[in-house]
Structure formats: structure tokens, C-alpha cells
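Asker: First, the structure itself, so that you have it in front of you.
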Amino acid sequence: MATNFVVPTKMKAWVYREYGDVGNVLRLNQEFEVPEVQKGQVLVKVLAAALNPIDHLRVNAVYKLPHFTLPAVPGYDLAGIVVKVGGEVEKLKVGDEVYGCATIYGTLAEYTAVDESTLALKPKKLSFEEAASLPLVIHTAYGGLERVGLSPGKSLLVLGGAGGVGTLVIQSSCSTGKLDLLKSLGADLAIDYTKVNFEDLSEKFDVVYVAIGQSERAVKAVKPGGSVVTIVEHSKTLPPPAFSFVSASDGVTLEKLKPFLESGKVKPVIDPKSPFPFSQAIEAFSHLQTRRAAGKVVIHPVP
């Protein structure tokens with residue numbers, strides 16, 4: 001692989017300069033500044049990116065980070081090639097194929113600067129498109145299950161099992177049209193929660209993983225002494241034993257799960273309408289907002 005890359009000073013990027021609905025504020029900028037790498041960072045040529053619900057929430061200012069400024073590029077998930085390294089970078093080198101989360105600059109751009117600590121080498125078995133679909137959902141799924149101490153023999157109910165996170169923690173539950181997908185992923189039981197009151201099932205569960213925002217119902221489906229973890233209700237008071245989980249991005253978790261990705265035990269699930277070309281980022285956001293995506297919404301190729 002080539003290790004001599006000519007990095008331009010300007011790039012194509014999707015940019016928002018004010019908060020609001022994605023369709024109104026997100027614009028394709030043909031001459032956006034390529035970010036400078038700082039200590040501990042690498043510059044990545046983005047080859048594929050993926051969207052998450054939090055991307056839409058940030059553009060709408062529903063979720064704000066401290067010290068965040070506009071203009072900004074949306075997106076966390078990426079896969080690409082390292083084209084430049086900053087000082088104090090210890091492991092990665094120019095030419096490495098990587099995937100991970102960009103926590104400072106966005107990923108809907110030709111290039112982005114990323115902390116080395118949030119990246120890992122891309123599993124050779126995965127395409128860039130597949131790899132880009134994984135980072136944030138891996139952190140969220142693995143971290144949430146680790147937090148509740150899920151172990152062999154314990155039962156798990158996933159509410160929203162056909163979404164990006166749910167497909168990685170799947171055991172049972174989803175809406176009509178996605179039941180076959182869930183069963184193909186290894187679910188013991190797939191439930192249409194638009195037609196079945198899962199909280200009234202005779203079977204109760206050790207862990208309920210909430211990816212759709214129904215904690216009040218979820219606590220009725222958990223066994224005494226069990227746990228309910230939600231990844232979507234961060235600003236409200238939750239009924240016990242429910243608690244909110246916010247994932248942290250780090251390359252260590254990605255490396256830890258790499259053998260499962262290489263062996264195929266953990267598989268990326270990409271929404272059938274994906275990939276969306278870079279020029280159709282707004283259409284990709286619109287599809288994500290329908291909540292009908294079965295798997296991750298991916299943007300590929302990035303020019």
C-alpha cells in the first residue's frame with residue numbers, strides 16, 4: 001500500500017453553520033479546511049462513514065457537547081486510511097487501514113483528524129463499508145452489557161433489536177418486517193412490540209436492553225434483581241432498576257472484539273438501502289429519522 005499521500009488543504013465536507021433540521025442546515029461545502037493534526041492524532045482519509053441517531057440530535061442541538069463550536073461536520077463512525085500522523089502517536093502509521101470514532105471533528109468529509117486512542121486497525125475480513133458501520137454500536141452494545149454483568153445462562157430482552165445497536169445485543173423483540181432479520185441473527189424469539197405487550201409475557205428476563213425509549217414498560221419485563229439499561233433516555237428520571245448508559249469511544253474495545261469480527265461470530269448489519277453515496281447524505285439522514293432502518297445507515301464511497 002502506498003505510504004506517500006499528498007494531502008490537500010481544502011476538501012469536500014457536509015457542514016452545518018447553525019442548528020436546526022438536517023435538511024435545512026446541512027450543506028455540502030466544496031472548499032472546507034482540512035483539519036490540522038494535533039499531538040496524539042492522525043489524519044484519516046475517510047473511505048466510508050455511518051450515521052447514528054446522536055448525529056441528528058447534535059445537528060438539532062438536542063444534544064450539545066461542552067466547548068463545541070460551529071461550523072461543524074457531523075458524524076462519528078468512520079473507516080479509512082491514515083495519511084498523516086501527529087506528534088506522540090505511538091502505534092499507527094501512514095498507510096494503516098483503520099476504523100473507529102471521531103470525537104472532535106466529524107466524519108462526513110474527505111478527511112478528518114482523529115485521536116489515535118479511539119481507532120483500531122480495520123479487521124482484514126471486513127470491507128471499509130462494513131467496518132464503518134460498527135464503532136459506536138460496538139462501544140454501546142458491549143459497554144452496556146459489560147456494565148450489567150451479562151454472563152452465560154442469563155436471559156436478555158432487547159427492545160429495538162433491529163437497529164444498529166440492537167443487532168449486536170440481540171436476543172428478542174422488534175417490529176413487523178424485521179422479525180426474519182432478528183431470527184437470522186440468532187434471536188431465540190422475535191416479538192413484534194407494536195402488536196405484543198412484551199411486559200405482559202409470562203417469561204421475565206435477567207437483563208432488558210432498551211434501544212427504543214420504553215423504560216417504563218421495560219421494568220415490568222425484568223426479573224427481581226435484574227437490570228434495565230437504556231441508551232436513549234438520558235435526561236429523564238428513570239424508574240428503578242433502570243439506568244442510563246452513555247458509551248465511551250476507545251480503540252481498546254475495538255481491538256478486544258476484533259477476533260469475533262474476523263471469525264464472523266459478530267457480523268456487521270447494514271441497512272438494505274445502504275450504502276448512500278456521499279452526495280446523498282441528507283437522504284441518508286432522512287432514512288435514519290424514519291426509524292425503519294434495519295441495521296446501520298452507511299455512506300460510501302466518500303470521494
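Quick note on naming: the chains in the C-alpha cells go A, B, ... in the order shown, residues restart at 1 in each chain, and ligands are numbered from 1 in order of appearance.
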What's the 8 Å shell around range 216-232 of chain A, counting only C-alpha atoms, without same-chain residues fewer than 2 positions away, as a ChimeraX atom specification?
Answerer: /A:140,144,148,198-201,203-214,234,238-246
Asker: Considering only C-alpha atoms, return as a list in words whatever protein or nucleic-acid residues lie within 12 Å of Lys256 in chain A, sequence-local ones (same chain, fewer than 4 positions apart) excluded.
Answerer: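 Using only C-alpha atoms, the neighbours found are Ala120, Leu121, Pro123, Ile138, His139, Tyr142, Gly143, Asp250, Gly251, Val252, Phe260, Leu261 and Glu262 of chain A.
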Asker: Between A:Phe128, A:Tyr16, A:Phe68, A:Tyr76, which residue has the minimum interatomic distance to Glu97 in chain A, considering only C-alpha atoms?
Answerer: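 Among the listed residues, A:Phe128 lies closest to Glu97 in chain A.
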Asker: Would you please extract all strand (DSSP E or B) residues from range 14-230 of chain A, as assigned by DSSP on the backbone, and give them as a PyMOL selection string?
Answerer: chain A and resi 14-16+26-33+41-51+72+77-85+97-101+109+111-115+119-121+156-159+174+192+205-210+222-230
Asker: Taking only C-alpha atoms into account, name the residue in A:Phe276, A:Tyr105, A:Trp14, A:Tyr19 that is nearest to Val297 in chain A.
Answerer: A:Phe276
Asker: Residues near Val114 in chain A, anyone? I mean within 6 Å using only C-alpha atoms, not counting same-chain ones fewer than 5 positions away, as number ranges by chain.
Answerer: A: 41-42, 102
Asker: Write the residues you've just listed into a file as a short mmCIF file (atom, residue, chain, number, x, y, z; two decimals), in the first residue's frame, and include N, CA, C and O atoms for each of them.
Answerer:
```
data_model
loop_
_atom_site.label_atom_id
_atom_site.label_comp_id
_atom_site.auth_asym_id
_atom_site.auth_seq_id
_atom_site.Cartn_x
_atom_site.Cartn_y
_atom_site.Cartn_z
N GLN A 41 -2.90 12.69 17.52
CA GLN A 41 -3.92 12.50 16.48
C GLN A 41 -3.30 12.01 15.17
O GLN A 41 -2.11 12.18 14.93
N VAL A 42 -4.16 11.43 14.34
CA VAL A 42 -3.79 11.07 12.97
C VAL A 42 -4.82 11.67 12.03
O VAL A 42 -5.98 11.89 12.42
N ALA A 102 -14.60 9.33 15.49
CA ALA A 102 -14.01 10.67 15.51
C ALA A 102 -14.79 11.50 16.52
O ALA A 102 -15.98 11.74 16.34
#
```
Asker: Figure out the distance between CA of Lys39 in chain A and CA of Val94 in chain A, please, to one decimal in Å.
Answerer: 15.2 Å
Asker: Would you compute the distance between CA of Lys84 in chain A and CA of Val46 in chain A? Give it in Å to one decimal.
Answerer: 12.5 Å
Asker: Point out the residue among A:Thr103, A:Ser249, A:Asn4, A:Ser215 with the least atom-to-atom distance to Thr237 in chain A, counting only C-alpha atoms.
Answerer: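 Among the listed residues, A:Ser215 lies closest to Thr237 in chain A.
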Asker: Neighbours of Lys122 in chain A within 10 Å (only C-alpha atoms; same-chain residues fewer than 6 positions away dropped), as a list in words?
Answerer: Ala79, Gly80, Ile81, Asp96, Glu97, Val98, Tyr99, Gly100, Phe128, Glu130, Ala131, Ala132, Leu254, Glu255, Lys258, Leu261 and Glu262 of chain A
Asker: May I have the residues within 9 Å of Leu108 in chain A as a list of chain:residue names, using only C-alpha atoms and disregarding those fewer than 3 positions away in the same chain?
Answerer: A:Lys12, A:Ala13, A:Trp14, A:Val15, A:Val46, A:Ala48, A:Ala49, A:Ala50, A:Val73, A:Pro74, A:Gly75, A:Tyr76, A:Leu78, A:Tyr111, A:Thr112, A:Phe278, A:Ala281, A:Ile299, A:Val302
Asker: I need the residues from that last selection saved to file as a compact mmCIF listing (two decimals), in the first residue's frame (with all heavy atoms), if you can.
Answerer:
```
# COMPACT_ATOMS: atom_id res chain seq x y z
N LYS A 12 -13.97 18.36 0.36
CA LYS A 12 -15.43 18.32 0.37
C LYS A 12 -15.88 17.85 1.76
O LYS A 12 -15.33 16.90 2.31
CB LYS A 12 -15.96 17.36 -0.69
CG LYS A 12 -15.68 17.76 -2.13
CD LYS A 12 -16.39 16.80 -3.07
CE LYS A 12 -16.15 17.15 -4.52
NZ LYS A 12 -14.86 16.64 -5.01
N ALA A 13 -16.89 18.51 2.29
CA ALA A 13 -17.41 18.13 3.59
C ALA A 13 -18.86 18.60 3.73
O ALA A 13 -19.23 19.65 3.19
CB ALA A 13 -16.57 18.73 4.71
N TRP A 14 -19.66 17.82 4.44
CA TRP A 14 -21.01 18.25 4.80
C TRP A 14 -20.91 19.06 6.07
O TRP A 14 -20.39 18.59 7.08
CB TRP A 14 -21.93 17.04 4.97
CG TRP A 14 -22.34 16.43 3.67
CD1 TRP A 14 -21.75 15.37 3.03
CD2 TRP A 14 -23.40 16.87 2.82
NE1 TRP A 14 -22.39 15.12 1.85
CE2 TRP A 14 -23.40 16.02 1.69
CE3 TRP A 14 -24.35 17.88 2.91
CZ2 TRP A 14 -24.32 16.16 0.65
CZ3 TRP A 14 -25.28 18.03 1.89
CH2 TRP A 14 -25.26 17.17 0.77
N VAL A 15 -21.42 20.30 6.03
CA VAL A 15 -21.18 21.26 7.12
C VAL A 15 -22.51 21.91 7.54
O VAL A 15 -23.37 22.20 6.71
CB VAL A 15 -20.21 22.37 6.65
CG1 VAL A 15 -19.95 23.37 7.77
CG2 VAL A 15 -18.89 21.75 6.17
N VAL A 46 -11.09 9.49 4.85
CA VAL A 46 -12.32 8.75 5.10
C VAL A 46 -12.78 8.05 3.82
O VAL A 46 -12.92 8.69 2.77
CB VAL A 46 -13.43 9.69 5.61
CG1 VAL A 46 -14.71 8.90 5.89
CG2 VAL A 46 -12.97 10.43 6.86
N ALA A 48 -15.37 5.47 4.20
CA ALA A 48 -16.77 5.15 4.49
C ALA A 48 -17.12 5.74 5.85
O ALA A 48 -16.27 5.84 6.73
CB ALA A 48 -17.00 3.63 4.49
N ALA A 49 -18.37 6.12 6.01
CA ALA A 49 -18.86 6.66 7.28
C ALA A 49 -20.24 6.08 7.54
O ALA A 49 -20.88 5.53 6.65
CB ALA A 49 -18.92 8.19 7.23
N ALA A 50 -20.69 6.19 8.79
CA ALA A 50 -22.02 5.68 9.13
C ALA A 50 -22.71 6.69 10.05
O ALA A 50 -22.06 7.44 10.77
CB ALA A 50 -21.93 4.32 9.80
N VAL A 73 -18.84 19.53 11.17
CA VAL A 73 -19.13 18.39 10.30
C VAL A 73 -19.74 17.29 11.16
O VAL A 73 -19.19 16.96 12.21
CB VAL A 73 -17.84 17.87 9.63
CG1 VAL A 73 -18.12 16.61 8.82
CG2 VAL A 73 -17.21 18.95 8.75
N PRO A 74 -20.89 16.73 10.79
CA PRO A 74 -21.49 15.67 11.59
C PRO A 74 -20.81 14.33 11.38
O PRO A 74 -20.06 14.14 10.41
CB PRO A 74 -22.94 15.64 11.10
CG PRO A 74 -22.85 16.09 9.69
CD PRO A 74 -21.73 17.09 9.64
N GLY A 75 -21.11 13.38 12.27
CA GLY A 75 -20.65 12.02 12.11
C GLY A 75 -19.59 11.60 13.11
O GLY A 75 -18.68 12.37 13.43
N TYR A 76 -19.72 10.35 13.59
CA TYR A 76 -18.75 9.74 14.49
C TYR A 76 -18.01 8.57 13.82
O TYR A 76 -16.80 8.45 13.92
CB TYR A 76 -19.45 9.21 15.75
CG TYR A 76 -19.82 10.26 16.76
CD1 TYR A 76 -21.09 10.81 16.79
CD2 TYR A 76 -18.91 10.67 17.73
CE1 TYR A 76 -21.44 11.76 17.74
CE2 TYR A 76 -19.24 11.62 18.68
CZ TYR A 76 -20.51 12.16 18.69
OH TYR A 76 -20.85 13.10 19.62
N LEU A 78 -16.31 5.96 11.28
CA LEU A 78 -15.56 6.04 10.03
C LEU A 78 -14.70 4.80 9.84
O LEU A 78 -14.38 4.08 10.78
CB LEU A 78 -14.65 7.27 10.02
CG LEU A 78 -13.31 7.12 10.77
CD1 LEU A 78 -12.21 7.86 10.06
CD2 LEU A 78 -13.44 7.60 12.20
N TYR A 111 -11.57 14.09 4.74
CA TYR A 111 -10.52 13.84 5.73
C TYR A 111 -11.03 14.25 7.10
O TYR A 111 -11.88 15.14 7.24
CB TYR A 111 -9.27 14.68 5.42
CG TYR A 111 -8.59 14.35 4.11
CD1 TYR A 111 -8.97 14.98 2.94
CD2 TYR A 111 -7.56 13.40 4.06
CE1 TYR A 111 -8.35 14.67 1.73
CE2 TYR A 111 -6.94 13.09 2.86
CZ TYR A 111 -7.34 13.74 1.69
OH TYR A 111 -6.72 13.43 0.51
N THR A 112 -10.50 13.60 8.13
CA THR A 112 -10.80 14.02 9.49
C THR A 112 -9.62 13.70 10.40
O THR A 112 -8.89 12.72 10.16
CB THR A 112 -12.09 13.36 10.02
OG1 THR A 112 -12.46 13.97 11.26
CG2 THR A 112 -11.91 11.86 10.23
N PHE A 278 -21.97 9.68 -1.04
CA PHE A 278 -21.62 10.87 -0.27
C PHE A 278 -22.53 12.04 -0.62
O PHE A 278 -22.92 12.82 0.25
CB PHE A 278 -20.16 11.22 -0.54
CG PHE A 278 -19.62 12.35 0.30
CD1 PHE A 278 -19.36 12.17 1.65
CD2 PHE A 278 -19.37 13.58 -0.27
CE1 PHE A 278 -18.84 13.19 2.43
CE2 PHE A 278 -18.86 14.63 0.50
CZ PHE A 278 -18.59 14.43 1.85
N ALA A 281 -26.06 12.49 1.48
CA ALA A 281 -26.01 12.43 2.94
C ALA A 281 -27.32 12.87 3.57
O ALA A 281 -27.77 12.29 4.58
CB ALA A 281 -24.86 13.31 3.46
N ILE A 299 -22.63 5.54 4.59
CA ILE A 299 -22.33 6.41 3.46
C ILE A 299 -21.02 5.96 2.84
O ILE A 299 -19.98 5.91 3.50
CB ILE A 299 -22.26 7.88 3.91
CG1 ILE A 299 -23.64 8.33 4.38
CG2 ILE A 299 -21.74 8.77 2.80
CD1 ILE A 299 -23.70 9.71 4.94
N VAL A 302 -16.87 7.67 -0.01
CA VAL A 302 -16.58 9.08 0.23
C VAL A 302 -15.52 9.47 -0.78
O VAL A 302 -14.53 8.77 -0.94
CB VAL A 302 -16.06 9.30 1.66
CG1 VAL A 302 -15.68 10.75 1.88
CG2 VAL A 302 -17.13 8.85 2.68
```
Asker: Expressed in Å to a single decimal, how great is the separation between CA of Ser274 in chain A and CA of Lys296 in chain A?
Answerer: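 So the two atoms, CA of Ser274 in chain A and CA of Lys296 in chain A, lie 8.0 Å apart.
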Asker: Given only C-alpha atoms as the basis, pick out the residue of A:Val196, A:Val137, A:Leu257, A:Ile191 nearest to Leu51 in chain A.
Answerer: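 Among the listed residues, the smallest separation from Leu51 in chain A belongs to A:Val137.
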Asker: For Leu157 in chain A, which residue among A:Lys10, A:Glu110, A:Ser127, A:Leu145 is the nearest when counting only C-alpha atoms?
Answerer: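 Ranking A:Lys10, A:Glu110, A:Ser127, A:Leu145 by distance to Leu157 in chain A, first place goes to A:Leu145.
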Asker: Which of these, A:Leu136, A:Asn29, A:Val44, A:His56, has the shortest distance to Asp77 in chain A once you count only C-alpha atoms?
Answerer: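 Between A:Leu136, A:Asn29, A:Val44, A:His56, the residue approaching Asp77 in chain A most closely is A:Leu136.
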Asker: For the helix (DSSP H, G or I) assignment from backbone DSSP, which residues of range 22-152 of chain A qualify? Please present them as a count of residues only.
Answerer: 33
